[in-house]
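Scroll down for the structure; my scribbles are underneath it.
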2 protein chains.
Amino acid sequence: MTIYKAPLEDVRFILNDVIGASGLADMPDNKTVESVLGEAARFCEDVLLPLNVSGDFEGCSQDADGNVRVPKGFADAYADFCKGGWAGVSCGKECGGQGRPLLLNFIVSEMISGANMSFGLYPMLSHAAYKTIEKHASDELKKIYMPKLVEGTWTGTMCMTEAQAGSDLGLIRSMAEPLDDGSYKITGEKIMITAGDHDLAENIVHLVLARLPGALPGVRGISLFLVPKIFPDSGKRNAVRCSRLEDTTGIRASAVGAMAFDGAKGWLVGDAGKGVRCMFTMVNETRMMVGLQGIGVAEACYQNAAAYAKERVQMRSISGAKFPKQPADPILVHPDVRQKLLTMRSLTEGCRALALLAGREFDVSMRDADPKRRAKAADFVALMIPVVKAFGTDMGFDSANAALQIFGGHGYIRGNGIEQYLRDVRVAMIYEGTNGIQALDLVTRKMSQDYGRLLRSFVQPAVTFLAAEKDNKALANYRSVFLSAFNKFQMASLYVSTRGAVDPDEAGTGAADYLRILAYVALGFMWLKMARAAASKLAQGSAGTSFYEAKLRTADYFFSRMLPQVHAHYRALITGAKPIMDFPAEDF
Amino acid sequence: MTIYKAPLEDVRFILNDVIGASGLADMPDNKTVESVLGEAARFCEDVLLPLNVSGDFEGCSQDADGNVRVPKGFADAYADFCKGGWAGVSCGKECGGQGRPLLLNFIVSEMISGANMSFGLYPMLSHAAYKTIEKHASDELKKIYMPKLVEGTWTGTMCMTEAQAGSDLGLIRSMAEPLDDGSYKITGEKIMITAGDHDLAENIVHLVLARLPGALPGVRGISLFLVPKIFPDSGKRNAVRCSRLEDTTGIRASAVGAMAFDGAKGWLVGDAGKGVRCMFTMVNETRMMVGLQGIGVAEACYQNAAAYAKERVQMRSISGAKFPKQPADPILVHPDVRQKLLTMRSLTEGCRALALLAGREFDVSMRDADPKRRAKAADFVALMIPVVKAFGTDMGFDSANAALQIFGGHGYIRGNGIEQYLRDVRVAMIYEGTNGIQALDLVTRKMSQDYGRLLRSFVQPAVTFLAAEKDNKALANYRSVFLSAFNKFQMASLYVSTRGAVDPDEAGTGAADYLRILAYVALGFMWLKMARAAASKLAQGSAGTSFYEAKLRTADYFFSRMLPQVHAHYRALITGAKPIMDFPAEDF
């Protein structure tokens, strides 16, 4: 019932005209990029989309021996995915990957999530496991596991969470006991493990956080272990099994399981006591991916809601009948419906542009020849990751909610596919660090790194842009709105960093508002860049006039209705911590 | 797993110290009110709450003959409900009811929704049918149907929606053909009919909108018919059946069905062509009930989230360990968690106070001896109904969402009960007029009624209150915040009514923001009243100190963090319609 078209035109516009990605190391030429993205789009639209609603209905199941089966069609789709080489797009060539920039992987990730978020989690977790092994495992382990993960014939997991240890990994209790052969015996139960067990792949590679005997308490006592489901040499099963499928409200085609390690054999990855640090080396990448899940689902919700609003007739426009020959007007005539659609659209396109810019800088930070350029790019990525993750997923959820409202009662019925978006995307606000933790990461860890250094990676280019474009008439209407918001953002940064140094709770109570302020201003910067590019295309008389005109109209909406939200968040920010922190615990 | 305690202390405070309900006609004395509400609380906590999660899991089912069965335990609970006389609390004494003010019914409704929203829909629909029959049916029909609905042994439905006619009832196609005996033959399919078929009651009384032959097109051609499932005289089945159970994402223990009328026999209720008007005579009452569903669910979400936040330990406070002997601090120490809880709490308590004030005025508008007082009360009710409905349910949904975030991954698992709140309450933003339609009703129909007359019913008492309390030191900190918001509200009212007269689309694009402005200011007025009452109780040295202190602290939070939202909505309101209405339809 639902539709989804990969947003290729928008991606092309952002890559070529807004962020300029062609200079990236290992970026294929434009024609190749076109063809890669076109192929990805076809896979998402033709293979993944038709499985989205059926996958939700069927869900995963478990047989008497504990083996998990994915819904019908998923195994074939996953085989197609591997055959297309999608698992290794940005993996190293030395183990069979294509060595392309992560940026391409990010773009494809958004499309996959827009078509079928549940499916996308399998390769996402594998990729995370691959990266962790690449960075921290011994050469021996690398040689065995990396090529299989790159092929996709084996998949990976990240086994962190335990019942008592969610956001707080320091509370992990799983144990690892050294064996004589240099391996370890792992015991404990992990919960909510995505792709923990399933029948998509020949083998599953678990990366498991556990404690060595006598380890320090807290995070510093935790080490990382690689635990295969099946031993590559003997082909025998290891002592790890899915003890139950979690009954999640969404992403029901993702096999999310509790995993019991019952003396399973594993190998240390990285140094003892550095497990959390090892796993967190690729946290930026997975947080980016999760933000893109929000953006992908938001795109799908927008497309479905817009199509429905044009087709569903119900009541007359309040300014009189627009289609007097029909029994009623399409609901797109109603201001409230239009407003919801434009909010979804302006935020989705703005977030996409920001995520792809951060994605480009991600690659620059790893691949550029100039160490200074690399460092600056890394700063920008560090600053924007919490924004892409938290704002992207909040926005994805809000978009699903708005789409449901536009569909009305029909959106509330299972099988029409709309309420599923709401259930699916909801989890993205929780995993990979809750959105509250993202905000805290921003105002504490990120702000304290050489105060202002990270901020400069955003502020400097914005100021340079504004100066260079000061006579650009196409931006005249947006400039003052942007400057006013930008000014509030600077004041907010100062407030958070100075007040936060005096009273950490003050920074804490302002964290969510500060993240929103940065998000809106960063989106404002992207909308300035997009408006400049669209206006210049129109002035050149380029083809695709209606695309560029729509861009400018969406910019109008963003600057008049969205960016001013900054002021409300600023107001909330500076009210301070008192009314929040003074409330006695026993009165809650 | 979930908890729920009826908020008796808060209700008592609002009734006795804030709105003063003892003067209402037919209101029992305080002691009787206490005992009635205490009994309702026990029923909700002991009988309904334990069925909430199990009812969601089991859902309703349909046998081969199309008969619908409710989940286990619901029939017994419903029998208890009837035995307790709850179906007839505010029904007329002449047909077995207790003749009590609607206000009592509203309070009990909130509690029922907090414990088990799915259950609450059965009596809610019955009550609506009862009221419609009471007001519009012939004496003969009244005599047969009213006493059974008051007992609860029969239940009722409102059969409005068809696949092509949701918000727009003018598009209804069901037909009614006159028969020789003065009855009618009804043919058509209605969808999403709550309590359409089930095994709770001996009979079901459908109120059905349909067209007579040759009726005018649109709303003026629609008439209302009473169609029993079983004929009371013969005991035979009528030609109406549930053609399918709707697979709703929430309220799964409510039997929501598509109903096929296949030449079913029915009787005209009210005048021909006045069907929609007849059904809408009690729309204020049902919209109020739906708003209270939002408030009830929000209360339940707050209670669960607060309890979890005190018990779940995870990470340390950012200002240092608060419970150094425990492995981690309870998550209540985190500013973000506290902020979510206080938002839920201040809005829930504010909405409850507003809903009960509107509920009191509802009774005044029908029962007071003084016609002028009645008219003024009716104005206040008309003005506040869209606010209670739309803001109450939006707030219910936001509270469920915040509770889920506080529970984190555990909130995302079915069976823990938290994600169910989100699914259940979501429908309340759609039915009984979507929240977008509520906003439109406010800025078009309500504002145009003798411009300002309805507004005066709120503005006048607020101004009087402010003047009378100008030296009250307990309100000193709140006064300027309130006045600034109140001022913006007055400007917004002027803007909407003047600009709306020139360009209806302008009123339309501002509708949702205007409703929010009125909602926050009305809640601000209720918080001023609550703060005054709490401060005066404390000054008197009354018992229950901690309750009154917590009220004042919650007021602090409301005035510092919530009420200023008015300014953001005002800013959005005055940006006008252009960026929204100018977007070409084909570009969406």
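Within each chain, counting starts at residue 1; across the structure tokens, chains are named A, B, ... in the order shown, with ligands numbered 1 upward in that order.
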
Output the contact residues of chain B with respect to chain A at a cut-off of 7 Å, based on only C-alpha atoms, as a compact mmCIF listing (two decimals) with N, CA and C atoms, in the first residue's frame.
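Result went into result-v3.txt, see below:
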# COMPACT_ATOMS: atom_id res chain seq x y z
N SER B 167 -13.93 12.74 7.91
CA SER B 167 -14.20 14.07 8.44
C SER B 167 -15.40 14.70 7.72
N ASP B 168 -15.65 14.27 6.49
CA ASP B 168 -16.68 14.90 5.66
C ASP B 168 -17.92 14.01 5.58
N GLU B 246 -11.63 -4.17 12.47
CA GLU B 246 -10.55 -3.31 12.00
C GLU B 246 -9.29 -3.68 12.79
N ASP B 247 -8.16 -3.75 12.09
CA ASP B 247 -6.91 -4.12 12.74
C ASP B 247 -6.20 -2.84 13.18
N THR B 248 -6.72 -2.26 14.26
CA THR B 248 -6.18 -0.98 14.74
C THR B 248 -4.85 -1.19 15.45
N THR B 249 -4.01 -0.17 15.42
CA THR B 249 -2.69 -0.31 16.06
C THR B 249 -2.79 -0.21 17.57
N ALA B 306 7.54 8.18 36.49
CA ALA B 306 8.12 8.69 37.74
C ALA B 306 8.59 7.54 38.62
N GLN B 314 21.21 4.03 36.78
CA GLN B 314 21.92 4.04 35.51
C GLN B 314 22.74 5.32 35.44
N MET B 315 24.02 5.23 35.43
CA MET B 315 24.93 6.38 35.36
C MET B 315 24.86 7.26 36.62
N ILE B 318 25.32 14.32 36.58
CA ILE B 318 26.44 15.06 36.00
C ILE B 318 27.11 15.98 37.02
N SER B 319 26.43 16.23 38.13
CA SER B 319 27.08 17.05 39.16
C SER B 319 27.69 16.17 40.25
N PRO B 335 18.82 15.71 34.60
CA PRO B 335 17.97 16.86 34.29
C PRO B 335 16.94 16.56 33.19
N ASP B 336 17.37 15.82 32.18
CA ASP B 336 16.48 15.55 31.06
C ASP B 336 15.26 14.73 31.48
N ARG B 338 14.01 14.59 34.58
CA ARG B 338 13.17 15.45 35.44
C ARG B 338 12.34 16.40 34.59
N GLN B 339 12.97 16.94 33.57
CA GLN B 339 12.28 17.91 32.73
C GLN B 339 11.09 17.26 32.02
N GLN B 405 10.43 7.22 26.32
CA GLN B 405 11.84 7.61 26.28
C GLN B 405 12.50 7.39 27.64
N GLY B 408 13.27 3.92 27.99
CA GLY B 408 14.30 3.48 27.05
C GLY B 408 13.89 2.20 26.34
N GLY B 409 14.87 1.33 26.11
CA GLY B 409 14.60 0.06 25.41
C GLY B 409 13.48 -0.73 26.07
N TYR B 412 10.16 0.04 24.83
CA TYR B 412 9.89 -0.31 23.44
C TYR B 412 9.40 -1.76 23.29
N ILE B 413 9.45 -2.50 24.41
CA ILE B 413 9.06 -3.92 24.39
C ILE B 413 7.57 -4.05 24.71
N ARG B 414 6.86 -4.78 23.88
CA ARG B 414 5.44 -5.05 24.16
C ARG B 414 5.32 -5.86 25.44
N GLU B 419 4.73 1.18 25.57
CA GLU B 419 4.47 1.49 24.16
C GLU B 419 2.98 1.38 23.86
N VAL B 427 -5.15 7.35 18.82
CA VAL B 427 -6.42 7.46 18.10
C VAL B 427 -7.23 8.67 18.56
N ILE B 430 -7.43 11.67 16.51
CA ILE B 430 -8.11 11.53 15.22
C ILE B 430 -9.63 11.54 15.35
N GLY B 436 -6.80 18.81 13.99
CA GLY B 436 -6.78 19.91 13.02
C GLY B 436 -8.16 20.53 12.87
N PRO B 504 -9.60 33.71 4.68
CA PRO B 504 -9.86 32.54 5.54
C PRO B 504 -8.65 31.61 5.63
N ASP B 505 -7.85 31.54 4.56
CA ASP B 505 -6.67 30.67 4.61
C ASP B 505 -5.68 31.13 5.68
N GLY B 508 -6.81 29.76 8.72
CA GLY B 508 -6.55 28.32 8.67
C GLY B 508 -5.11 27.97 8.99
N THR B 509 -4.16 28.72 8.41
CA THR B 509 -2.75 28.40 8.67
C THR B 509 -2.37 28.73 10.10
N ALA B 550 4.20 20.73 46.56
CA ALA B 550 4.50 20.19 45.23
C ALA B 550 3.68 20.93 44.16
N ARG B 553 5.54 24.07 43.44
CA ARG B 553 6.75 23.81 42.65
C ARG B 553 6.41 23.47 41.20
N ASP B 556 5.77 26.63 39.54
CA ASP B 556 7.05 27.27 39.17
C ASP B 556 7.52 26.77 37.81
N TYR B 557 7.47 25.45 37.66
CA TYR B 557 7.92 24.85 36.40
C TYR B 557 7.04 25.31 35.25
N SER B 560 7.73 28.91 34.31
CA SER B 560 9.05 29.22 33.75
C SER B 560 9.32 28.50 32.43
N ARG B 561 8.79 27.29 32.25
CA ARG B 561 9.15 26.53 31.06
C ARG B 561 8.02 26.30 30.07
N GLN B 565 5.89 29.17 25.89
CA GLN B 565 5.65 28.59 24.55
C GLN B 565 4.72 29.48 23.73
N ALA B 568 6.38 31.54 20.99
CA ALA B 568 6.78 30.86 19.75
C ALA B 568 5.57 30.66 18.84
N ALA B 572 4.86 32.20 15.05
CA ALA B 572 4.48 31.38 13.89
C ALA B 572 3.16 31.88 13.30
N THR B 575 3.36 34.91 10.95
CA THR B 575 4.10 34.83 9.68
C THR B 575 3.14 34.71 8.51
N PRO B 579 3.78 31.43 2.69
CA PRO B 579 4.68 30.31 2.36
C PRO B 579 3.96 28.96 2.35
N ILE B 580 2.80 28.91 2.97
CA ILE B 580 2.07 27.64 3.05
C ILE B 580 1.10 27.48 1.88
N MET B 581 0.35 28.53 1.60
CA MET B 581 -0.70 28.41 0.58
C MET B 581 -0.16 28.59 -0.83
N PHE B 583 2.49 27.30 -2.13
CA PHE B 583 3.22 26.13 -2.64
C PHE B 583 2.32 25.40 -3.64
N ASP B 587 3.83 20.49 -6.85
CA ASP B 587 5.20 20.39 -6.31
C ASP B 587 5.27 19.58 -5.02
N PHE B 588 4.15 19.22 -4.45
CA PHE B 588 4.20 18.40 -3.23
C PHE B 588 4.59 16.97 -3.59

Close residues, segment 14-22 of chain A itself excluded, 12 Å, only C-alpha atoms, min 4 positions apart in chain, as a ChimeraX atom specification:
/A:7-10,26-34,37,101-104,107,349-364,525-537,548,551

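From atom CA of Leu226 of chain A back to atom CA of Lys142 of chain A, the distance works out to 10.7 Å.
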
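In this structure, atom CA of Phe231 of chain B sits 10.9 Å away from atom CA of Tyr145 of chain B.
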
Q: Tell me which protein, DNA and RNA residues are within 8 Å of segment 80-87 of chain A, counting only C-alpha atoms, leaving out same-chain ones fewer than 5 positions away, and put them as a ChimeraX atom specification.
A: /A:97,123,127,149-153

Taken to one decimal, the atom CA of Ile172 of chain B-atom CA of Pro330 of chain A distance is 16.5 Å

Near segment 447-457 of chain A, counting only C-alpha atoms, which residues have an atom at most 8 Å away, once you skip same-chain residues fewer than 5 positions from it, shown as a list in words? Lys376, Ala377, Asp379, Phe380, Ala382, Leu383, Leu442 and Ser497 of chain A

Export C-alpha atoms of the chosen residues as a PDB file, in the first residue's frame?
ATOM      1  CA  LYS A 376      38.985  20.350  11.113  1.00  0.00           C
ATOM      2  CA  ALA A 377      36.734  17.847   9.418  1.00  0.00           C
ATOM      3  CA  ASP A 379      35.799  18.555  14.628  1.00  0.00           C
ATOM      4  CA  PHE A 380      32.796  19.219  12.427  1.00  0.00           C
ATOM      5  CA  ALA A 382      32.149  15.388  16.291  1.00  0.00           C
ATOM      6  CA  LEU A 383      29.986  18.491  16.676  1.00  0.00           C
ATOM      7  CA  LEU A 442      27.038  17.809  23.059  1.00  0.00           C
ATOM      8  CA  SER A 497      29.720  26.787  28.343  1.00  0.00           C
TER       9      SER A 497
END

Next on the checklist: Set the distance at 9 Å and use only C-alpha atoms: which residues neighbour Tyr421 of chain A once local chain neighbours fewer than 3 positions away are removed? I'd like the list as number ranges by chain.
Outcome noted: A: 117, 250, 297-298, 300-301, 396-397, 400-401, 404, 417-418, 424-426

| Would you give me, as a count of residues only, the residues in segment 423-468 of chain B that DSSP reads as helix (DSSP H, G or I)? | 37

task: Show which residues sit within 7 Å of Ala41 of chain A, as a PyMOL selection string. Count only C-alpha atoms, and ignore same-chain residues fewer than 3 positions away.
output: chain A and resi 6+37-38+44-45+111

Selection above as a file: C-alpha atoms, as a CSV table (one decimal), in the first residue's frame:
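File written: out_38.csv
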chain,number,residue,atom,x,y,z
A,6,ALA,CA,14.6,7.1,-3.6
A,37,LEU,CA,22.8,5.2,-6.7
A,38,GLY,CA,20.4,4.3,-9.4
A,44,CYS,CA,15.2,-0.4,-2.4
A,45,GLU,CA,12.0,0.3,-4.4
A,111,MET,CA,17.3,4.8,1.0

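The residue set within 7 Å of segment 275-283 of chain B, counting only C-alpha atoms and dropping same-chain residues fewer than 2 places from it, reads Ala128, Lys131, Thr132, His136, Leu209, Val219, Ile222, Ser223, Leu224, Gly270, Ala272, Gly273, Glu285, Thr286 and Arg287 of chain B.
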